[in-house]
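Enquirer: Take a look at start.cif, mmCIF, C-alpha atoms:
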data_start
loop_
_atom_site.label_atom_id
_atom_site.label_comp_id
_atom_site.auth_asym_id
_atom_site.auth_seq_id
_atom_site.Cartn_x
_atom_site.Cartn_y
_atom_site.Cartn_z
CA MET A 20 -110.59 -293.16 79.10
CA ARG A 21 -108.90 -294.33 75.97
CA SER A 22 -110.44 -295.17 72.67
CA PRO A 23 -108.51 -297.92 70.84
CA ILE A 24 -109.23 -299.77 67.61
CA SER A 25 -110.94 -302.61 69.48
CA SER A 26 -112.76 -300.72 72.22
CA LEU A 27 -114.46 -297.41 72.89
CA PHE A 28 -112.50 -297.26 76.14
CA LEU A 29 -108.81 -297.21 75.23
CA VAL A 30 -110.18 -296.67 71.78
CA GLY A 31 -111.75 -299.54 68.99
CA LEU A 32 -107.91 -293.61 63.98
CA LEU A 33 -103.60 -288.08 60.64
CA GLY A 34 -98.85 -281.76 58.39
CA CYS A 35 -99.92 -279.32 56.36
CA SER A 36 -103.08 -277.29 56.22
CA ALA A 37 -105.52 -278.75 53.78
CA ALA A 38 -109.07 -277.95 52.73
CA ARG A 39 -110.99 -279.13 55.74
CA THR A 40 -114.55 -280.34 56.08
CA PRO A 41 -115.41 -279.26 59.62
CA ALA A 42 -116.20 -282.23 61.83
CA VAL A 43 -118.11 -280.23 64.40
CA SER A 44 -119.90 -276.93 64.14
CA GLU A 45 -118.30 -274.43 66.48
CA PRO A 46 -119.18 -270.75 66.80
CA PRO A 47 -116.24 -268.46 65.92
CA ALA A 48 -116.51 -266.87 69.35
CA ALA A 49 -115.86 -270.23 71.02
CA ARG A 50 -112.60 -270.68 69.11
CA ALA A 51 -111.58 -267.06 69.78
CA GLN A 52 -112.04 -267.52 73.53
CA ALA A 53 -110.18 -270.86 73.75
CA PRO A 54 -107.55 -270.57 76.52
CA LEU A 55 -104.83 -272.36 74.52
CA PRO A 56 -103.92 -271.08 71.02
CA PHE A 57 -104.03 -274.36 69.10
CA ILE A 58 -102.88 -274.35 65.48
CA GLU A 59 -105.15 -276.64 63.46
CA ASP A 60 -103.72 -279.40 61.25
CA ASP A 61 -100.48 -277.67 60.25
CA TYR A 62 -97.46 -279.53 61.67
CA VAL A 63 -95.00 -277.67 59.44
CA ARG A 64 -96.17 -274.27 60.66
CA ALA A 65 -96.30 -275.35 64.31
CA LEU A 66 -92.86 -276.94 64.13
CA ALA A 67 -91.34 -273.82 62.59
CA GLU A 68 -92.92 -271.64 65.27
CA ALA A 69 -91.67 -273.93 68.05
CA LYS A 70 -88.13 -273.81 66.66
CA ALA A 71 -88.23 -270.03 66.31
CA ARG A 72 -89.51 -269.53 69.87
CA GLY A 73 -87.33 -272.23 71.46
CA LEU A 74 -90.37 -273.99 72.93
CA PRO A 75 -91.50 -277.60 72.96
CA LEU A 76 -94.50 -278.52 70.82
CA PHE A 77 -97.66 -279.87 72.49
CA VAL A 78 -99.83 -281.92 70.12
CA ASP A 79 -103.39 -283.12 70.67
CA THR A 80 -104.04 -285.94 68.20
CA TRP A 81 -107.78 -286.52 68.06
CA ALA A 82 -110.56 -287.80 65.83
CA PRO A 83 -114.17 -286.66 65.47
CA TRP A 84 -115.46 -290.20 66.19
CA CYS A 85 -113.54 -290.39 69.50
CA HIS A 86 -115.85 -289.57 72.38
CA THR A 87 -112.94 -289.04 74.78
CA CYS A 88 -111.32 -286.58 72.37
CA ARG A 89 -114.55 -284.65 72.18
CA SER A 90 -114.92 -284.73 75.95
CA MET A 91 -111.46 -283.19 76.28
CA LYS A 92 -112.41 -280.47 73.80
CA ALA A 93 -115.77 -279.74 75.41
CA TYR A 94 -114.88 -279.99 79.09
CA VAL A 95 -111.09 -279.65 79.58
CA PHE A 96 -109.38 -277.64 76.84
CA THR A 97 -112.08 -274.97 77.28
CA ASP A 98 -111.21 -274.50 80.97
CA ALA A 99 -110.03 -270.93 81.63
CA ALA A 100 -107.54 -272.29 84.19
CA LEU A 101 -105.37 -273.43 81.27
CA ALA A 102 -104.88 -269.88 79.94
CA LYS A 103 -101.88 -269.27 82.21
CA HIS A 104 -100.03 -272.11 80.41
CA ALA A 105 -100.46 -270.69 76.91
CA GLY A 106 -96.87 -269.47 76.67
CA ARG A 107 -95.24 -272.75 77.76
CA PHE A 108 -95.65 -274.56 74.43
CA VAL A 109 -96.56 -274.12 70.82
CA TRP A 110 -99.94 -275.85 70.55
CA LEU A 111 -101.07 -278.07 67.68
CA GLU A 112 -104.15 -280.21 67.14
CA ILE A 113 -104.14 -282.98 64.53
CA ASN A 114 -107.40 -284.47 63.25
CA THR A 115 -106.38 -288.02 62.33
CA ASP A 116 -109.34 -288.40 59.95
CA LEU A 117 -107.80 -285.98 57.47
CA PRO A 118 -105.65 -287.62 54.77
CA GLY A 119 -103.43 -284.53 54.73
CA ASN A 120 -102.34 -285.36 58.30
CA ALA A 121 -101.07 -288.85 57.45
CA VAL A 122 -97.50 -287.55 57.33
CA PHE A 123 -97.71 -286.63 61.01
CA GLN A 124 -99.21 -289.97 61.95
CA GLU A 125 -96.51 -291.86 60.07
CA LYS A 126 -93.86 -289.99 62.05
CA TYR A 127 -95.69 -290.19 65.37
CA PRO A 128 -97.89 -293.32 65.37
CA VAL A 129 -101.17 -293.15 67.25
CA GLU A 130 -102.71 -296.31 68.69
CA SER A 131 -105.20 -294.81 71.15
CA TRP A 132 -107.27 -291.66 70.98
CA PRO A 133 -106.65 -289.06 72.15
CA THR A 134 -102.86 -289.16 72.36
CA PHE A 135 -100.92 -286.14 73.55
CA PHE A 136 -97.35 -285.62 72.39
CA ILE A 137 -94.74 -283.22 73.71
CA ILE A 138 -92.12 -282.90 70.99
CA ASP A 139 -88.61 -281.48 70.90
CA PRO A 140 -88.84 -279.39 67.69
CA LYS A 141 -85.09 -279.42 66.95
CA GLU A 142 -84.82 -283.20 66.88
CA GLU A 143 -88.52 -283.83 66.06
CA LYS A 144 -88.43 -286.36 68.87
CA ALA A 145 -91.41 -287.22 71.08
CA LEU A 146 -90.39 -286.54 74.66
CA VAL A 147 -93.79 -287.56 76.03
CA ARG A 148 -96.59 -289.62 74.53
CA PHE A 149 -99.60 -289.84 76.83
CA ALA A 150 -102.68 -291.76 75.71
CA GLY A 151 -106.10 -291.01 77.12
CA SER A 152 -108.06 -288.36 78.90
CA ALA A 153 -106.77 -285.96 81.52
CA THR A 154 -108.22 -283.46 83.96
CA VAL A 155 -106.75 -279.97 84.20
CA PRO A 156 -104.51 -280.97 87.17
CA GLN A 157 -103.35 -284.07 85.27
CA LEU A 158 -102.56 -281.94 82.22
CA GLU A 159 -100.57 -279.55 84.39
CA LYS A 160 -98.42 -282.45 85.64
CA LEU A 161 -97.96 -283.52 82.03
CA PHE A 162 -96.86 -280.00 81.09
CA GLU A 163 -94.29 -280.04 83.90
CA ASP A 164 -92.97 -283.46 82.88
CA GLY A 165 -92.69 -282.42 79.24
CA GLU A 166 -90.87 -279.20 80.09
CA ARG A 167 -88.50 -281.07 82.40
CA ALA A 168 -87.70 -283.56 79.65
CA PHE A 169 -87.15 -280.71 77.19
CA ARG A 170 -84.93 -278.63 79.48
CA GLY A 171 -83.13 -281.56 81.13
CA GLY A 172 -81.96 -281.73 84.73
CA ALA A 173 -84.46 -284.28 86.08
CA GLU A 174 -83.22 -286.62 88.79
CA GLY A 175 -84.45 -289.73 90.60
CA PRO A 176 -87.95 -290.99 89.73
CA GLU A 177 -88.65 -287.90 87.62
CA ALA A 178 -85.69 -288.80 85.40
CA LEU A 179 -86.90 -292.38 85.08
CA LEU A 180 -90.42 -291.18 84.27
CA ALA A 181 -89.01 -288.88 81.59
CA ARG A 182 -87.01 -291.79 80.14
CA GLY A 183 -90.07 -294.06 80.15
CA ASP A 184 -92.13 -291.32 78.49
CA ALA A 185 -89.47 -290.88 75.79
CA LEU A 186 -89.32 -294.62 75.08
CA TYR A 187 -93.09 -294.82 74.80
CA GLY A 188 -93.00 -291.74 72.58
CA GLU A 189 -90.63 -293.64 70.28
CA GLY A 190 -93.09 -296.55 70.10
CA LYS A 191 -90.97 -298.83 72.32
CA ALA A 192 -93.77 -300.03 74.58
CA ALA A 193 -91.94 -302.98 76.16
CA GLU A 194 -88.84 -300.94 77.00
CA ALA A 195 -91.02 -298.12 78.31
CA ALA A 196 -92.91 -300.58 80.53
CA ASP A 197 -89.66 -301.84 82.06
CA VAL A 198 -88.45 -298.32 82.86
CA LEU A 199 -91.84 -297.19 84.19
CA ALA A 200 -92.02 -300.26 86.44
CA GLN A 201 -88.59 -299.32 87.79
CA THR A 202 -89.87 -295.77 88.29
CA LEU A 203 -92.65 -296.91 90.61
CA ALA A 204 -90.35 -299.33 92.43
CA GLU A 205 -87.87 -296.56 93.25
CA ALA A 206 -90.28 -293.68 93.87
CA PRO A 207 -91.22 -292.64 97.40
CA ALA A 208 -94.58 -293.86 98.65
CA ASP A 209 -95.99 -290.31 98.63
CA TRP A 210 -94.61 -289.35 95.20
CA SER A 211 -97.01 -286.84 93.64
CA ARG A 212 -96.70 -288.43 90.18
CA ARG A 213 -97.40 -292.02 91.25
CA GLY A 214 -100.90 -292.04 89.74
CA ARG A 215 -99.73 -290.52 86.46
CA ALA A 216 -96.79 -292.95 86.27
CA LEU A 217 -99.08 -295.92 87.00
CA GLU A 218 -101.44 -294.95 84.17
CA SER A 219 -98.48 -294.65 81.80
CA LEU A 220 -97.07 -298.00 82.94
CA LEU A 221 -100.37 -299.83 82.41
CA VAL A 222 -100.81 -298.31 78.96
CA ALA A 223 -97.25 -299.38 78.04
CA GLN A 224 -97.84 -302.91 79.35
CA TYR A 225 -101.06 -303.12 77.37
CA GLY A 226 -99.24 -301.88 74.26
CA ALA A 227 -96.55 -304.51 74.81
CA LYS A 228 -99.31 -307.16 75.09
CA ARG A 229 -98.30 -307.98 78.66
CA HIS A 230 -101.92 -308.31 79.63
CA GLU A 231 -101.62 -310.52 82.69
CA VAL A 232 -98.67 -308.49 84.00
CA CYS A 233 -100.69 -305.31 83.45
CA ALA A 234 -103.65 -306.72 85.40
CA ARG A 235 -101.46 -307.82 88.31
CA THR A 236 -99.62 -304.50 88.32
CA ALA A 237 -102.92 -302.65 88.65
CA LEU A 238 -103.96 -304.75 91.65
CA THR A 239 -100.58 -304.30 93.32
CA GLU A 240 -100.24 -300.57 92.74
CA LEU A 241 -103.79 -299.30 93.22
CA PRO A 242 -103.58 -299.34 97.04
CA ARG A 243 -100.60 -296.96 96.76
CA VAL A 244 -102.53 -294.34 94.76
CA PRO A 245 -105.07 -291.94 96.33
CA HIS A 246 -108.68 -292.28 95.17
CA SER A 247 -108.72 -289.95 92.19
CA ALA A 248 -109.32 -289.83 88.44
CA SER A 249 -105.90 -291.49 88.02
CA TRP A 250 -106.93 -294.28 90.39
CA ALA A 251 -110.14 -294.86 88.44
CA ASN A 252 -108.31 -294.83 85.10
CA ALA A 253 -105.77 -297.32 86.45
CA ALA A 254 -108.57 -299.58 87.69
CA GLY A 255 -110.19 -299.42 84.26
CA LEU A 256 -106.90 -300.16 82.52
CA GLY A 257 -106.33 -303.16 84.77
CA LEU A 258 -109.80 -304.47 83.97
CA MET A 259 -109.21 -303.89 80.26
CA CYS A 260 -105.97 -305.86 80.46
CA VAL A 261 -107.47 -308.78 82.38
CA LEU A 262 -110.23 -309.13 79.78
CA GLN A 263 -107.45 -310.00 77.30
CA VAL A 264 -106.10 -312.80 79.53
CA PRO A 265 -107.18 -316.24 78.20
CA ALA A 266 -109.83 -317.85 80.37
CA GLY A 267 -107.75 -320.99 80.94
CA THR A 268 -104.82 -319.10 82.43
CA GLN A 269 -104.06 -320.13 86.00
CA GLY A 270 -105.58 -317.63 88.40
CA ALA A 271 -107.39 -315.73 85.62
CA LYS A 272 -110.85 -316.16 87.16
CA GLU A 273 -109.75 -314.72 90.51
CA LEU A 274 -107.83 -311.92 88.80
CA LYS A 275 -110.88 -310.94 86.76
CA ALA A 276 -113.10 -310.97 89.84
CA ALA A 277 -110.69 -308.76 91.77
CA LEU A 278 -110.43 -306.22 88.97
CA GLU A 279 -114.18 -306.18 88.41
CA GLU A 280 -114.46 -305.22 92.08
CA LYS A 281 -111.95 -302.41 91.52
CA GLY A 282 -114.01 -301.29 88.51
CA ARG A 283 -117.16 -301.11 90.64
CA GLU A 284 -115.18 -299.17 93.25
CA ALA A 285 -114.13 -296.71 90.52
CA LEU A 286 -117.80 -295.80 90.06
CA SER A 287 -117.96 -294.57 93.65
CA PRO A 288 -119.27 -290.98 93.85
CA ASP A 289 -116.34 -290.04 96.11
CA ILE A 290 -114.02 -290.23 93.08
CA SER A 291 -114.14 -287.04 91.03
CA MET A 292 -113.60 -287.96 87.39
CA PRO A 293 -114.86 -286.88 83.97
CA ALA A 294 -118.25 -288.31 83.03
CA ASP A 295 -116.73 -289.81 79.89
CA ASP A 296 -114.21 -291.75 82.00
CA ARG A 297 -116.95 -292.99 84.32
CA SER A 298 -118.87 -294.13 81.24
CA GLY A 299 -115.78 -296.03 80.08
CA VAL A 300 -115.68 -297.94 83.36
CA TYR A 301 -119.34 -298.89 82.94
CA GLU A 302 -118.55 -300.17 79.45
CA LEU A 303 -115.74 -302.38 80.73
CA LEU A 304 -117.88 -303.78 83.53
CA VAL A 305 -120.61 -304.64 81.01
CA GLU A 306 -118.00 -306.30 78.79
CA ALA A 307 -116.70 -308.28 81.77
CA ARG A 308 -120.19 -309.59 82.61
CA ARG A 309 -120.80 -310.58 79.00
CA ALA A 310 -117.41 -312.33 78.85
CA ALA A 311 -118.46 -314.28 81.94
CA GLY A 312 -121.70 -315.35 80.24
CA ASP A 313 -123.78 -313.28 82.66
CA GLU A 314 -126.21 -311.59 80.27
CA PRO A 315 -128.69 -310.53 83.00
CA GLY A 316 -125.82 -308.93 84.92
CA ALA A 317 -124.60 -307.19 81.77
CA LYS A 318 -128.07 -305.82 81.07
CA GLY A 319 -128.50 -304.62 84.63
CA LEU A 320 -125.26 -302.68 84.39
CA ALA A 321 -126.18 -301.40 80.92
CA GLU A 322 -129.42 -299.97 82.32
CA GLN A 323 -127.46 -298.13 85.04
CA TRP A 324 -124.97 -297.00 82.40
CA LEU A 325 -127.60 -295.65 80.02
CA THR A 326 -129.49 -293.88 82.82
CA PHE A 327 -126.23 -292.23 83.88
CA LEU A 328 -125.50 -291.13 80.30
CA GLU A 329 -128.97 -289.73 79.79
CA GLY A 330 -128.56 -287.66 82.94
CA GLU A 331 -125.14 -286.34 81.88
CA ALA A 332 -126.43 -285.49 78.40
CA ALA A 333 -129.34 -283.57 79.89
CA ARG A 334 -126.85 -281.47 81.91
CA ALA A 335 -124.46 -280.85 79.01
CA PRO A 336 -124.00 -277.10 78.41
CA THR A 337 -123.74 -277.24 74.60
CA PRO A 338 -124.63 -279.60 71.73
CA ASP A 339 -120.92 -280.37 71.33
CA ALA A 340 -120.73 -281.41 74.97
CA ARG A 341 -123.93 -283.45 74.72
CA THR A 342 -122.74 -285.41 71.69
CA VAL A 343 -119.79 -286.69 73.76
CA PHE A 344 -122.24 -289.24 75.15
CA ASP A 345 -123.87 -290.35 71.88
CA SER A 346 -121.66 -293.34 71.06
CA HIS A 347 -121.91 -294.80 74.54
CA ARG A 348 -125.67 -294.20 74.66
CA MET A 349 -125.89 -296.19 71.45
CA SER A 350 -123.68 -298.98 72.85
CA ALA A 351 -125.69 -299.28 76.07
CA ALA A 352 -129.01 -299.29 74.19
CA LEU A 353 -127.75 -302.08 71.93
CA VAL A 354 -126.72 -304.20 74.94
CA LEU A 355 -130.23 -303.71 76.28
CA GLY A 356 -131.74 -304.68 72.93
CA THR A 357 -133.53 -301.32 72.73
CA PRO A 358 -131.80 -299.39 69.91
CA MET A 359 -134.74 -297.00 69.59
CA ARG A 360 -133.88 -295.57 73.01
CA ALA A 361 -130.76 -293.94 71.50
CA VAL A 362 -132.32 -292.73 68.25
CA PRO A 363 -133.98 -289.43 69.35
CA ALA A 364 -130.78 -288.13 70.96
CA ILE A 365 -128.67 -288.88 67.90
CA GLU A 366 -131.29 -287.39 65.57
CA GLN A 367 -131.08 -284.24 67.70
CA SER A 368 -127.27 -284.27 67.37
CA GLU A 369 -127.59 -284.36 63.59
CA ARG A 370 -129.91 -281.35 63.66
CA ASP A 371 -127.60 -279.44 66.00
CA LEU A 372 -124.30 -280.39 64.31
CA PRO A 373 -125.03 -280.56 60.57
CA ASP A 374 -121.33 -280.74 59.57
CA ASP A 375 -120.60 -283.75 61.78
CA TYR A 376 -120.62 -287.16 60.05
CA ASN A 377 -121.02 -289.12 63.29
CA PRO A 378 -124.76 -288.68 63.91
CA PRO A 379 -125.87 -289.89 60.45
CA ALA A 380 -123.29 -292.70 60.53
CA ARG A 381 -124.65 -293.88 63.88
CA LEU A 382 -128.24 -293.49 62.71
CA ALA A 383 -127.49 -295.63 59.66
CA ASN A 384 -126.52 -298.47 61.99
CA LEU A 385 -129.46 -297.97 64.34
CA TYR A 386 -132.03 -297.66 61.55
CA ARG A 387 -130.70 -300.87 59.93
CA ARG A 388 -131.13 -302.73 63.22
CA LEU A 389 -134.66 -301.37 63.48
CA GLY A 390 -135.49 -302.51 59.93
CA ARG A 391 -135.85 -298.92 58.66
CA LEU A 392 -133.68 -299.65 55.64
CA ASP A 393 -134.60 -296.65 53.48
CA ASP A 394 -133.82 -294.33 56.40
CA ALA A 395 -130.57 -296.24 57.02
CA LEU A 396 -129.43 -295.81 53.42
CA ALA A 397 -130.30 -292.10 53.43
CA ALA A 398 -128.38 -291.57 56.69
CA SER A 399 -125.39 -293.42 55.25
CA THR A 400 -125.45 -291.15 52.21
CA ARG A 401 -125.43 -288.07 54.45
CA ALA A 402 -122.47 -289.44 56.41
CA LEU A 403 -120.48 -290.27 53.27
CA ALA A 404 -120.83 -286.66 52.10
CA LYS A 405 -118.80 -285.55 55.13
CA VAL A 406 -116.44 -288.34 56.25
CA GLN A 407 -112.80 -288.70 55.21
CA GLY A 408 -109.82 -290.96 55.87
CA GLY A 409 -109.95 -294.29 57.65
CA ARG A 410 -113.36 -293.62 59.16
CA ARG A 411 -114.89 -293.52 55.69
CA LEU A 412 -114.09 -297.23 55.45
CA ARG A 413 -116.25 -297.92 58.49
CA VAL A 414 -119.14 -295.99 56.96
CA LEU A 415 -118.80 -297.89 53.65
CA SER A 416 -118.68 -301.23 55.47
CA GLU A 417 -121.92 -300.39 57.30
CA ARG A 418 -123.45 -299.26 54.00
CA ALA A 419 -122.69 -302.70 52.56
CA GLU A 420 -124.61 -304.24 55.49
CA ILE A 421 -127.60 -302.03 54.67
CA HIS A 422 -127.55 -303.16 51.03
CA LEU A 423 -127.38 -306.79 52.14
CA ALA A 424 -130.38 -306.24 54.42
CA ARG A 425 -132.22 -304.78 51.41
CA GLY A 426 -131.36 -307.90 49.38
CA GLU A 427 -128.96 -305.91 47.15
CA ARG A 428 -125.98 -308.27 47.18
CA ASP A 429 -124.39 -306.91 44.00
CA VAL A 430 -124.55 -303.35 45.32
CA ALA A 431 -123.01 -304.51 48.59
CA VAL A 432 -120.14 -306.09 46.62
CA ARG A 433 -119.54 -302.86 44.69
CA THR A 434 -119.64 -300.86 47.94
CA LEU A 435 -116.98 -303.05 49.52
CA GLU A 436 -114.88 -302.89 46.36
CA ASP A 437 -115.12 -299.09 46.50
CA ALA A 438 -114.01 -299.19 50.14
CA ILE A 439 -110.97 -301.33 49.31
CA THR A 440 -110.04 -299.08 46.39
CA TYR A 441 -110.31 -296.02 48.61
CA ALA A 442 -108.33 -297.70 51.40
CA LYS A 443 -105.43 -298.26 49.00
CA THR A 444 -105.26 -294.51 48.34
CA LEU A 445 -104.65 -293.84 52.04
CA SER A 446 -101.47 -294.03 54.04
CA GLY A 447 -100.94 -297.23 56.00
CA ALA A 448 -101.17 -295.04 59.10
CA GLN A 449 -104.84 -294.37 58.29
CA ALA A 450 -105.81 -297.63 56.59
CA SER A 451 -103.74 -300.36 58.21
CA PRO A 452 -103.08 -303.68 56.42
CA ARG A 453 -105.31 -305.31 59.04
CA MET A 454 -108.17 -302.96 58.15
CA VAL A 455 -107.77 -303.66 54.44
CA ALA A 456 -107.57 -307.41 55.09
CA SER A 457 -110.81 -307.22 57.08
CA LEU A 458 -112.59 -305.51 54.18
CA GLU A 459 -111.22 -308.07 51.73
CA LYS A 460 -112.40 -310.92 53.96
CA LYS A 461 -115.86 -309.38 54.18
CA LEU A 462 -115.97 -308.96 50.39
CA THR A 463 -115.11 -312.64 49.91
CA GLU A 464 -117.86 -313.65 52.34
CA VAL A 465 -120.45 -311.46 50.62
CA LYS A 466 -119.52 -312.82 47.18
CA ALA A 467 -120.01 -316.34 48.54
CA LYS A 468 -123.55 -315.64 49.72
#
Written as structure tokens, how would this file's structure read?
Expert:
Amino acid sequence: MRSPISSLFLVGLLGCSAARTPAVSEPPAARAQAPLPFIEDDYVRALAEAKARGLPLFVDTWAPWCHTCRSMKAYVFTDAALAKHAGRFVWLEINTDLPGNAVFQEKYPVESWPTFFIIDPKEEKALVRFAGSATVPQLEKLFEDGERAFRGGAEGPEALLARGDALYGEGKAAEAADVLAQTLAEAPADWSRRGRALESLLVAQYGAKRHEVCARTALTELPRVPHSASWANAAGLGLMCVLQVPAGTQGAKELKAALEEKGREALSPDISMPADDRSGVYELLVEARRAAGDEPGAKGLAEQWLTFLEGEAARAPTPDARTVFDSHRMSAALVLGTPMRAVPAIEQSERDLPDDYNPPARLANLYRRLGRLDDALAASTRALAKVQGGRRLRVLSERAEIHLARGERDVAVRTLEDAITYAKTLSGAQASPRMVASLEKKLTEVKAK
């Protein structure tokens, strides 16, 4: 599932090599055995190699805070079945936390994490921009679509899909949505890419803020897609869209009820999908119950959600794989009003992954909620020693909350001022005007206390 600014699902934030603080500890052997030869954080080098070899460039834009990105790294990009595709592209991964990668993000804007680009290196044009998670078979379809767009010669619905992909890659969400809708209308009923095209259409409609249209499209098209990970993602995207439809809109109540039912159907064990995607559906269903004012229903779902996450974490093969579930375990525990239930797991993640800023940043929030303010401040300090880019602003904002809880208003003011000063050193791609405005608003409110 996606991870946007506002939600962990579509989510709630980039090319030269620079000195890098590792986000996640990874044994050298693991990198050496990776089936795809990703170049890390060096767009210039990757672009030059793609031009020299006459290959398209595949880019994984990710962030250490993005649970779906980490799920892809732990469970998909490590799959040996991908090794046979190594020669099809030049491979690049871009950590959007790193200020040195802002140039890439300015050229290829990222709104949801992860986003995968397939780029024509001669024109530096995005042929495909696909937001969200993918299984190995879904990635293989994406590879085929990207190659077809690069080589040319597509016809019929494949040509329309390539055109829609290119428009979305250029940031033209509304135009992409129109073309992708035409793609589904003209494609045969048994078209093998119907699920992939539906996901792309719903993402484009969401990006174009056509939320009601997106919700209705999901309901109309889901019966035409086989039960699969794509079906479940499309159901989740439809539910995400309908939650943005104003409550007073005619037919909104019925639309929400229908898509909640599709969301519950997506949790069916007969649908094979990544655990992270299943967790994203739980999150949306909890959000839907809370939006409906049904707190008992939300808590009942949150208990199922957290139990599911605890089971998946227990089965995770490595600490990296286990930490995929940390942010959602924290979210579910907070809905239940039992933050302590998430603390031991995240403390273990900090011990296992000492270079990762996420565990101490999450612990700072949890400890503050538990009233353990000295522990919260110490965890915040540990996180700040590691975090860079736009995510550092989130850590500083939480640190200000800790100081306020300690009765240190003046220190909270200085912390927010430091955050705003730092934000202004970043590219607008990493610290958006909206983010800066939010910090400035918070500073004004704290000064008024």
Enquirer: Applied to the shown file, which residues does the PyMOL selection byres ((chain A and resi 302-312) around 10) return, written as an NGL selection string?
Expert: :A and (26-28 or 255-256 or 258-259 or 261-262 or 266 or 272 or 275-276 or 278-280 or 282-283 or 296-301 or 313-321 or 324 or 347 or 350-351 or 354)
Enquirer: How would the residues just picked look written out with C-alpha atoms as a PDB file, keeping the file's coordinate frame?
Expert:
ATOM      1  CA  SER A  26    -112.760-300.720  72.220  1.00  0.00           C
ATOM      2  CA  LEU A  27    -114.460-297.410  72.890  1.00  0.00           C
ATOM      3  CA  PHE A  28    -112.500-297.260  76.140  1.00  0.00           C
ATOM      4  CA  GLY A 255    -110.190-299.420  84.260  1.00  0.00           C
ATOM      5  CA  LEU A 256    -106.900-300.160  82.520  1.00  0.00           C
ATOM      6  CA  LEU A 258    -109.800-304.470  83.970  1.00  0.00           C
ATOM      7  CA  MET A 259    -109.210-303.890  80.260  1.00  0.00           C
ATOM      8  CA  VAL A 261    -107.470-308.780  82.380  1.00  0.00           C
ATOM      9  CA  LEU A 262    -110.230-309.130  79.780  1.00  0.00           C
ATOM     10  CA  ALA A 266    -109.830-317.850  80.370  1.00  0.00           C
ATOM     11  CA  LYS A 272    -110.850-316.160  87.160  1.00  0.00           C
ATOM     12  CA  LYS A 275    -110.880-310.940  86.760  1.00  0.00           C
ATOM     13  CA  ALA A 276    -113.100-310.970  89.840  1.00  0.00           C
ATOM     14  CA  LEU A 278    -110.430-306.220  88.970  1.00  0.00           C
ATOM     15  CA  GLU A 279    -114.180-306.180  88.410  1.00  0.00           C
ATOM     16  CA  GLU A 280    -114.460-305.220  92.080  1.00  0.00           C
ATOM     17  CA  GLY A 282    -114.010-301.290  88.510  1.00  0.00           C
ATOM     18  CA  ARG A 283    -117.160-301.110  90.640  1.00  0.00           C
ATOM     19  CA  ASP A 296    -114.210-291.750  82.000  1.00  0.00           C
ATOM     20  CA  ARG A 297    -116.950-292.990  84.320  1.00  0.00           C
ATOM     21  CA  SER A 298    -118.870-294.130  81.240  1.00  0.00           C
ATOM     22  CA  GLY A 299    -115.780-296.030  80.080  1.00  0.00           C
ATOM     23  CA  VAL A 300    -115.680-297.940  83.360  1.00  0.00           C
ATOM     24  CA  TYR A 301    -119.340-298.890  82.940  1.00  0.00           C
ATOM     25  CA  ASP A 313    -123.780-313.280  82.660  1.00  0.00           C
ATOM     26  CA  GLU A 314    -126.210-311.590  80.270  1.00  0.00           C
ATOM     27  CA  PRO A 315    -128.690-310.530  83.000  1.00  0.00           C
ATOM     28  CA  GLY A 316    -125.820-308.930  84.920  1.00  0.00           C
ATOM     29  CA  ALA A 317    -124.600-307.190  81.770  1.00  0.00           C
ATOM     30  CA  LYS A 318    -128.070-305.820  81.070  1.00  0.00           C
ATOM     31  CA  GLY A 319    -128.500-304.620  84.630  1.00  0.00           C
ATOM     32  CA  LEU A 320    -125.260-302.680  84.390  1.00  0.00           C
ATOM     33  CA  ALA A 321    -126.180-301.400  80.920  1.00  0.00           C
ATOM     34  CA  TRP A 324    -124.970-297.000  82.400  1.00  0.00           C
ATOM     35  CA  HIS A 347    -121.910-294.800  74.540  1.00  0.00           C
ATOM     36  CA  SER A 350    -123.680-298.980  72.850  1.00  0.00           C
ATOM     37  CA  ALA A 351    -125.690-299.280  76.070  1.00  0.00           C
ATOM     38  CA  VAL A 354    -126.720-304.200  74.940  1.00  0.00           C
TER      39      VAL A 354
END
Enquirer: Identify all residues satisfying the PyMOL selection byres ((chain A and resi 72) around 12) in the given file; provide them as an MDAnalysis selection string.
Expert: chainID A and resid 65:71 73:76 106:109 140:141
Enquirer: Carefully work through the PyMOL selection byres ((chain A and resi 420-425) around 9) for this structure and note down the residues it includes, as a list in words.
Expert: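 With the PyMOL selection byres ((chain A and resi 420-425) around 9) on this model, the match is Ala383, Asn384, Arg387, Gly390, Leu392, Asp393, Ala395, Leu396, Ser399, Leu415, Ser416, Glu417, Arg418, Ala419, Gly426, Glu427, Arg428, Asp429, Val430, Ala431, Thr434 and Val465 of chain A.
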Enquirer: Go through A:Ala145, A:Leu385, A:Pro373, A:Gly214 one by one, measure the shortest atom-to-atom distance of each to Arg360 (chain A) using all atoms listed in the file, and give the residue with the smallest value.
Expert: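 For Arg360 (chain A), the nearest of the candidates is A:Leu385.
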Enquirer: Determine, counting all atoms listed in the file, which protein, DNA and RNA residues have an atom within 6 Å of an atom of Pro118 (chain A); residues of the same chain fewer than 2 positions away are not included. Present the result as a PyMOL selection string.
Expert: chain A and resi 120-121+408
Enquirer: Residues near Ile290 (chain A), anyone? I mean within 12 Å using all atoms listed in the file, not counting same-chain ones fewer than 4 positions away, as a list in words.
Expert: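 Once the adjacent positions are removed, what remains is Pro245, His246, Ser247, Ala248, Ser249, Trp250, Ala251, Asn252, Gly282, Arg283, Glu284, Ala285, Leu286, Ala294, Asp296 and Arg297 of chain A.
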